[in-house]
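Colleague: See structure_36.pdb below, with PDB, C-alpha atoms.
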ATOM      1  CA  MET Z  25     -14.346  29.686 -14.854
ATOM      2  CA  ARG Z  26     -15.685  27.189 -17.424
ATOM      3  CA  ALA Z  27     -12.225  25.581 -17.586
ATOM      4  CA  ASN Z  28     -12.439  24.995 -13.840
ATOM      5  CA  LEU Z  29     -15.796  23.326 -14.316
ATOM      6  CA  ASP Z  30     -14.255  21.071 -16.960
ATOM      7  CA  ILE Z  31     -11.569  20.090 -14.435
ATOM      8  CA  ALA Z  32     -14.286  19.294 -11.896
ATOM      9  CA  TRP Z  33     -16.033  16.988 -14.375
ATOM     10  CA  ARG Z  34     -12.714  15.323 -15.238
ATOM     11  CA  SER Z  35     -12.231  14.715 -11.523
ATOM     12  CA  HIS Z  36     -15.698  13.187 -11.416
ATOM     13  CA  ALA Z  37     -14.793  10.855 -14.284
ATOM     14  CA  ALA Z  38     -11.610   9.844 -12.438
ATOM     15  CA  GLN Z  39     -13.632   9.101  -9.282
ATOM     16  CA  GLU Z  40     -16.026   6.935 -11.300
ATOM     17  CA  SER Z  41     -13.063   5.096 -12.815
ATOM     18  CA  TRP Z  42     -11.494   4.410  -9.428
ATOM     19  CA  THR Z  43     -14.787   3.107  -8.079
ATOM     20  CA  ALA Z  44     -15.209   0.824 -11.108
ATOM     21  CA  LYS Z  45     -11.638  -0.431 -10.703
ATOM     22  CA  VAL Z  46     -12.159  -1.427  -7.087
ATOM     23  CA  ASP Z  47     -15.308  -3.296  -8.105
ATOM     24  CA  THR Z  48     -13.247  -5.169 -10.722
ATOM     25  CA  LYS Z  49     -10.554  -5.956  -8.151
ATOM     26  CA  VAL Z  50     -13.196  -7.260  -5.757
ATOM     27  CA  SER Z  51     -14.664  -9.477  -8.484
ATOM     28  CA  ILE Z  52     -11.240 -11.000  -9.128
ATOM     29  CA  PHE Z  53     -10.639 -11.347  -5.389
ATOM     30  CA  LEU Z  54     -13.969 -13.145  -4.895
ATOM     31  CA  ALA Z  55     -13.318 -15.504  -7.804
ATOM     32  CA  LEU Z  56      -9.856 -16.394  -6.476
ATOM     33  CA  ASP Z  57     -11.020 -16.734  -2.895
ATOM     34  CA  GLY Z  58     -13.987 -18.861  -3.960
ATOM     35  CA  ALA Z  59     -11.676 -21.144  -5.939
ATOM     36  CA  VAL Z  60      -9.281 -21.530  -3.001
ATOM     37  CA  LEU Z  61     -12.061 -22.142  -0.478
ATOM     38  CA  GLY Z  62     -13.844 -24.567  -2.787
ATOM     39  CA  SER Z  63     -10.661 -26.489  -3.558
ATOM     40  CA  VAL Z  64      -9.603 -26.780   0.066
ATOM     41  CA  LEU Z  65     -13.070 -27.819   1.225
ATOM     42  CA  ALA Z  66     -13.317 -30.377  -1.591
ATOM     43  CA  ALA Z  67      -9.876 -31.745  -0.727
ATOM     44  CA  ARG Z  68     -10.861 -31.870   2.957
ATOM     45  CA  ALA Z  69     -13.952 -33.948   2.091
ATOM     46  CA  GLN Z  70     -12.103 -36.269  -0.302
ATOM     47  CA  ARG Z  71     -11.025 -39.627   1.119
ATOM     48  CA  GLY Z  72      -7.255 -39.883   1.192
ATOM     49  CA  GLY Z  73      -6.903 -36.247   0.103
ATOM     50  CA  ALA Z  74      -4.191 -33.871   1.272
ATOM     51  CA  PHE Z  75      -6.411 -32.413   3.994
ATOM     52  CA  GLN Z  76      -8.371 -35.542   5.008
ATOM     53  CA  GLN Z  77      -5.988 -36.894   7.640
ATOM     54  CA  LEU Z  78      -5.150 -33.643   9.423
ATOM     55  CA  ASP Z  79      -5.130 -33.547  13.200
ATOM     56  CA  GLY Z  80      -3.743 -31.414  15.989
ATOM     57  CA  TRP Z  81      -2.233 -28.050  15.191
ATOM     58  CA  ARG Z  82      -2.415 -28.619  11.419
ATOM     59  CA  ALA Z  83      -6.187 -29.165  11.568
ATOM     60  CA  ASN Z  84      -6.572 -26.093  13.782
ATOM     61  CA  LEU Z  85      -4.391 -24.000  11.473
ATOM     62  CA  LEU Z  86      -6.429 -25.090   8.456
ATOM     63  CA  THR Z  87      -9.669 -24.229  10.246
ATOM     64  CA  LEU Z  88      -8.325 -20.784  11.128
ATOM     65  CA  ALA Z  89      -7.164 -20.308   7.530
ATOM     66  CA  LEU Z  90     -10.613 -21.181   6.199
ATOM     67  CA  VAL Z  91     -12.287 -18.821   8.665
ATOM     68  CA  LEU Z  92      -9.954 -15.986   7.603
ATOM     69  CA  CYS Z  93     -10.576 -16.661   3.911
ATOM     70  CA  ALA Z  94     -14.333 -16.817   4.437
ATOM     71  CA  ALA Z  95     -14.286 -13.572   6.447
ATOM     72  CA  GLY Z  96     -12.303 -11.954   3.646
ATOM     73  CA  ALA Z  97     -14.890 -13.124   1.119
ATOM     74  CA  VAL Z  98     -17.735 -11.689   3.193
ATOM     75  CA  LEU Z  99     -15.940  -8.355   3.443
ATOM     76  CA  ALA Z 100     -15.166  -8.331  -0.264
ATOM     77  CA  ALA Z 101     -18.816  -9.012  -1.031
ATOM     78  CA  ALA Z 102     -19.695  -6.031   1.175
ATOM     79  CA  ALA Z 103     -17.429  -3.855  -0.957
ATOM     80  CA  VAL Z 104     -19.473  -4.529  -4.097
ATOM     81  CA  PHE Z 105     -22.787  -4.170  -2.330
ATOM     82  CA  PRO Z 106     -24.367  -0.969  -3.698
ATOM     83  CA  MET Z 107     -23.598   1.990  -1.436
ATOM     84  CA  LEU Z 108     -26.427   4.369  -2.248
ATOM     85  CA  GLY Z 109     -26.232   6.620   0.775
ATOM     86  CA  ARG Z 110     -29.072   8.525   2.346
ATOM     87  CA  ALA Z 111     -30.052  11.814   0.848
ATOM     88  CA  ARG Z 112     -31.930  14.446   2.758
ATOM     89  CA  ARG Z 113     -35.281  15.348   1.280
ATOM     90  CA  ALA Z 114     -34.142  18.903   0.497
ATOM     91  CA  GLU Z 115     -31.084  17.639  -1.372
ATOM     92  CA  ARG Z 116     -33.240  15.265  -3.428
ATOM     93  CA  ARG Z 117     -35.344  18.181  -4.630
ATOM     94  CA  ARG Z 118     -32.371  20.075  -6.004
ATOM     95  CA  GLY Z 119     -29.855  17.347  -6.979
ATOM     96  CA  ILE Z 120     -29.151  17.100 -10.712
ATOM     97  CA  ILE Z 121     -26.367  14.500 -10.942
ATOM     98  CA  TYR Z 122     -26.949  11.510  -8.657
ATOM     99  CA  PHE Z 123     -29.547   9.020  -9.888
ATOM    100  CA  GLY Z 124     -30.770   8.583  -6.315
ATOM    101  CA  ASP Z 125     -31.779  12.250  -6.324
ATOM    102  CA  LEU Z 126     -33.048  12.298  -9.904
ATOM    103  CA  ARG Z 127     -35.492   9.440  -9.355
ATOM    104  CA  HIS Z 128     -37.565  11.779  -7.147
ATOM    105  CA  ARG Z 129     -37.637  14.592  -9.696
ATOM    106  CA  GLU Z 130     -40.254  15.550 -12.228
ATOM    107  CA  PRO Z 131     -38.800  15.967 -15.731
ATOM    108  CA  ALA Z 132     -40.311  19.434 -16.235
ATOM    109  CA  ASP Z 133     -38.967  20.662 -12.878
ATOM    110  CA  LEU Z 134     -35.515  19.232 -13.636
ATOM    111  CA  ALA Z 135     -35.494  20.783 -17.116
ATOM    112  CA  ARG Z 136     -36.375  24.169 -15.628
ATOM    113  CA  GLN Z 137     -33.612  23.882 -13.023
ATOM    114  CA  LEU Z 138     -31.050  22.850 -15.631
ATOM    115  CA  ALA Z 139     -32.014  25.768 -17.885
ATOM    116  CA  GLU Z 140     -31.662  28.268 -15.015
ATOM    117  CA  LEU Z 141     -28.534  26.754 -13.426
ATOM    118  CA  THR Z 142     -25.856  29.320 -12.693
ATOM    119  CA  LEU Z 143     -22.169  28.530 -12.835
ATOM    120  CA  PRO Z 144     -21.779  28.665  -9.015
ATOM    121  CA  GLU Z 145     -24.769  26.311  -8.669
ATOM    122  CA  HIS Z 146     -23.190  23.967 -11.195
ATOM    123  CA  PHE Z 147     -19.971  23.974  -9.147
ATOM    124  CA  ASP Z 148     -22.000  23.246  -6.018
ATOM    125  CA  GLN Z 149     -23.690  20.242  -7.662
ATOM    126  CA  VAL Z 150     -20.438  18.783  -8.966
ATOM    127  CA  ALA Z 151     -18.639  19.414  -5.667
ATOM    128  CA  ARG Z 152     -21.323  17.607  -3.649
ATOM    129  CA  GLN Z 153     -21.217  14.664  -6.068
ATOM    130  CA  LEU Z 154     -17.409  14.538  -5.974
ATOM    131  CA  VAL Z 155     -17.417  14.316  -2.181
ATOM    132  CA  ALA Z 156     -20.128  11.637  -2.188
ATOM    133  CA  ILE Z 157     -18.446   9.463  -4.805
ATOM    134  CA  ALA Z 158     -15.046   9.871  -3.126
ATOM    135  CA  ARG Z 159     -16.489   8.657   0.189
ATOM    136  CA  THR Z 160     -17.976   5.616  -1.525
ATOM    137  CA  SER Z 161     -14.763   4.817  -3.373
ATOM    138  CA  TRP Z 162     -12.685   5.247  -0.220
ATOM    139  CA  ALA Z 163     -14.961   2.900   1.727
ATOM    140  CA  LYS Z 164     -14.811   0.254  -1.007
ATOM    141  CA  HIS Z 165     -11.015   0.418  -1.165
ATOM    142  CA  ARG Z 166     -10.671   0.182   2.616
ATOM    143  CA  ILE Z 167     -13.035  -2.811   2.744
ATOM    144  CA  LEU Z 168     -11.030  -4.577   0.025
ATOM    145  CA  GLN Z 169      -7.829  -3.755   1.897
ATOM    146  CA  LEU Z 170      -9.213  -5.331   5.068
ATOM    147  CA  ALA Z 171     -10.477  -8.372   3.137
ATOM    148  CA  SER Z 172      -6.972  -8.835   1.719
ATOM    149  CA  ALA Z 173      -5.419  -8.414   5.156
ATOM    150  CA  LEU Z 174      -7.539 -11.312   6.401
ATOM    151  CA  THR Z 175      -7.293 -13.575   3.382
ATOM    152  CA  ILE Z 176      -3.584 -13.431   2.570
ATOM    153  CA  PRO Z 177      -2.567 -14.837   5.975
ATOM    154  CA  GLY Z 178      -5.212 -17.530   5.423
ATOM    155  CA  TYR Z 179      -3.543 -18.503   2.137
ATOM    156  CA  VAL Z 180      -0.149 -18.597   3.860
ATOM    157  CA  MET Z 181      -1.584 -20.875   6.552
ATOM    158  CA  ILE Z 182      -3.027 -23.221   3.924
ATOM    159  CA  LEU Z 183       0.394 -23.413   2.266
ATOM    160  CA  ALA Z 184       2.010 -24.054   5.664
ATOM    161  CA  VAL Z 185      -0.355 -26.964   6.302
ATOM    162  CA  LEU Z 186       0.417 -28.401   2.865
ATOM    163  CA  ALA Z 187       4.178 -27.984   3.355
ATOM    164  CA  THR Z 188       4.294 -29.876   6.645
TER
END
Here is the file; what I need is its structure written in the form of structure tokens.

Modeller:
Amino acid sequence: MRANLDIAWRSHAAQESWTAKVDTKVSIFLALDGAVLGSVLAARAQRGGAFQQLDGWRANLLTLALVLCAAGAVLAAAAVFPMLGRARRAERRRGIIYFGDLRHREPADLARQLAELTLPEHFDQVARQLVAIARTSWAKHRILQLASALTIPGYVMILAVLAT
């Protein structure tokens, strides 16, 4: 039974790792997207620059590309926004893992609960935390996926405007 608990904690560590990795990916995404947006906007404002003299469909395509890239950046920023969730008051009183629950606890009460924790109660705590962290990680990955789905076509459009 203790070996199963060890597996549960290893799963928790894997969930934490996946969540940290998506945050790293989003940071890279935001840096790249910021560089592209900044460069294109600077080139657009520069006299005689590659984007200064655009008109017609090329100007419209560039505008659409910038809107897509900006929307992707907003979504990516949402992915790194802390997702703390809402805990029910009863869960806060008995939670022993999540910092959002622990901040409401008294140290003596928590110490007593930890000392009296049964193996099934330990499994219950880890299981609830695994589900919560998996939901957060899933949401972050889906948001990044959507941000990429918006931004990549924007990059292609920018290249199309430059190539014509």

Colleague: Calculated over only C-alpha atoms, which of the candidates Z:Ala163, Z:Ala100, Z:Ala184, Z:Ala158 has the smallest distance to Ser41 in chain Z?

Modeller: Z:Ala158

Colleague: Smallest atom-to-atom distance to Pro177 in chain Z: which of Z:Ala102, Z:Leu85, Z:Leu134, Z:Val155, using all atoms listed in the file?

Modeller: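 Distance minimum relative to Pro177 in chain Z lands on Z:Leu85.
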
Colleague: Extract, using only C-alpha atoms, all DNA, RNA and protein residues at most 12 Å from His146 in chain Z, discarding same-chain residues fewer than 6 positions from it, and format them as JSON, numbers by chain.

Modeller: {"Z": [25, 26, 28, 29, 30, 32, 33, 118, 119, 120, 121, 137, 138, 139, 140, 152, 153]}

Colleague: Mind giving me the straight-line distance from CA of Ala171 in chain Z to CA of Trp81 in chain Z in Å, one decimal?

Modeller: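 Computed distance, CA of Ala171 in chain Z to CA of Trp81 in chain Z, equals 24.5 Å.
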
Colleague: As a check of understanding, name the residues that the PyMOL selection byres ((chain Z and resi 61-76) around 8) selects in the supplied structure, as a PyMOL selection string.

Modeller: chain Z and resi 57-60+77-78+90+93-94+186

Colleague: Between CA of Glu145 in chain Z and CA of Arg34 in chain Z, measure the distance and give it in Å to one decimal.

Modeller: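 We find that CA of Glu145 in chain Z and CA of Arg34 in chain Z lie 17.6 Å from each other.
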
Colleague: Just give me the gap between CA of Ile157 in chain Z and CA of Asp133 in chain Z in Å, one decimal is fine.

Modeller: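 We find that CA of Ile157 in chain Z and CA of Asp133 in chain Z lie 24.7 Å from each other.
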
Colleague: With 12 Å as the threshold, what does the neighbourhood of (-29.0, 7.9, -9.4) contain in terms of residues, counting all atoms listed in the file? Coordinates are those of the file; answer as a PyMOL selection string.

Modeller: chain Z and resi 106-111+116+119-129+153+157

Colleague: Nearest to Leu183 in chain Z: which of Z:Val50, Z:Ala89, Z:Leu143, Z:Ala95 is it, counting all atoms listed in the file?

Modeller: Z:Ala89

Colleague: Written as a CSV table (one decimal) with C-alpha atoms, in the coordinates of the input, what is the full residue list that the PyMOL selection byres ((chain Z and resi 44) around 12) yields on the file shown?

Modeller:
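Below is the file that was written, part.csv:
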chain,number,residue,atom,x,y,z
Z,37,ALA,CA,-14.8,10.9,-14.3
Z,38,ALA,CA,-11.6,9.8,-12.4
Z,39,GLN,CA,-13.6,9.1,-9.3
Z,40,GLU,CA,-16.0,6.9,-11.3
Z,41,SER,CA,-13.1,5.1,-12.8
Z,42,TRP,CA,-11.5,4.4,-9.4
Z,43,THR,CA,-14.8,3.1,-8.1
Z,45,LYS,CA,-11.6,-0.4,-10.7
Z,46,VAL,CA,-12.2,-1.4,-7.1
Z,47,ASP,CA,-15.3,-3.3,-8.1
Z,48,THR,CA,-13.2,-5.2,-10.7
Z,49,LYS,CA,-10.6,-6.0,-8.2
Z,50,VAL,CA,-13.2,-7.3,-5.8
Z,51,SER,CA,-14.7,-9.5,-8.5
Z,103,ALA,CA,-17.4,-3.9,-1.0
Z,104,VAL,CA,-19.5,-4.5,-4.1
Z,106,PRO,CA,-24.4,-1.0,-3.7
Z,157,ILE,CA,-18.4,9.5,-4.8
Z,160,THR,CA,-18.0,5.6,-1.5
Z,161,SER,CA,-14.8,4.8,-3.4
Z,164,LYS,CA,-14.8,0.3,-1.0
Z,165,HIS,CA,-11.0,0.4,-1.2

Colleague: Between Z:Leu141, Z:Ile52, Z:Met181, Z:Leu168, which one has atoms that come closest to Val91 in chain Z, using all atoms listed in the file?

Modeller: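 Under the stated criterion, the closest residue is Z:Met181.
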
Colleague: Please identify all polymer residues within 7 Å of range 96-99 of chain Z, counting all atoms listed in the file, omitting same-chain residues fewer than 5 positions from it, and present them as a JSON list (two decimals) with C-alpha atoms, in the coordinates of the input.

Modeller:
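Final output, out_21.json:
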[["chain", "number", "residue", "atom", "x", "y", "z"],
["Z", 54, "LEU", "CA", -13.97, -13.14, -4.89],
["Z", 57, "ASP", "CA", -11.02, -16.73, -2.90],
["Z", 167, "ILE", "CA", -13.04, -2.81, 2.74],
["Z", 171, "ALA", "CA", -10.48, -8.37, 3.14],
["Z", 172, "SER", "CA", -6.97, -8.84, 1.72],
["Z", 174, "LEU", "CA", -7.54, -11.31, 6.40],
["Z", 175, "THR", "CA", -7.29, -13.58, 3.38]]
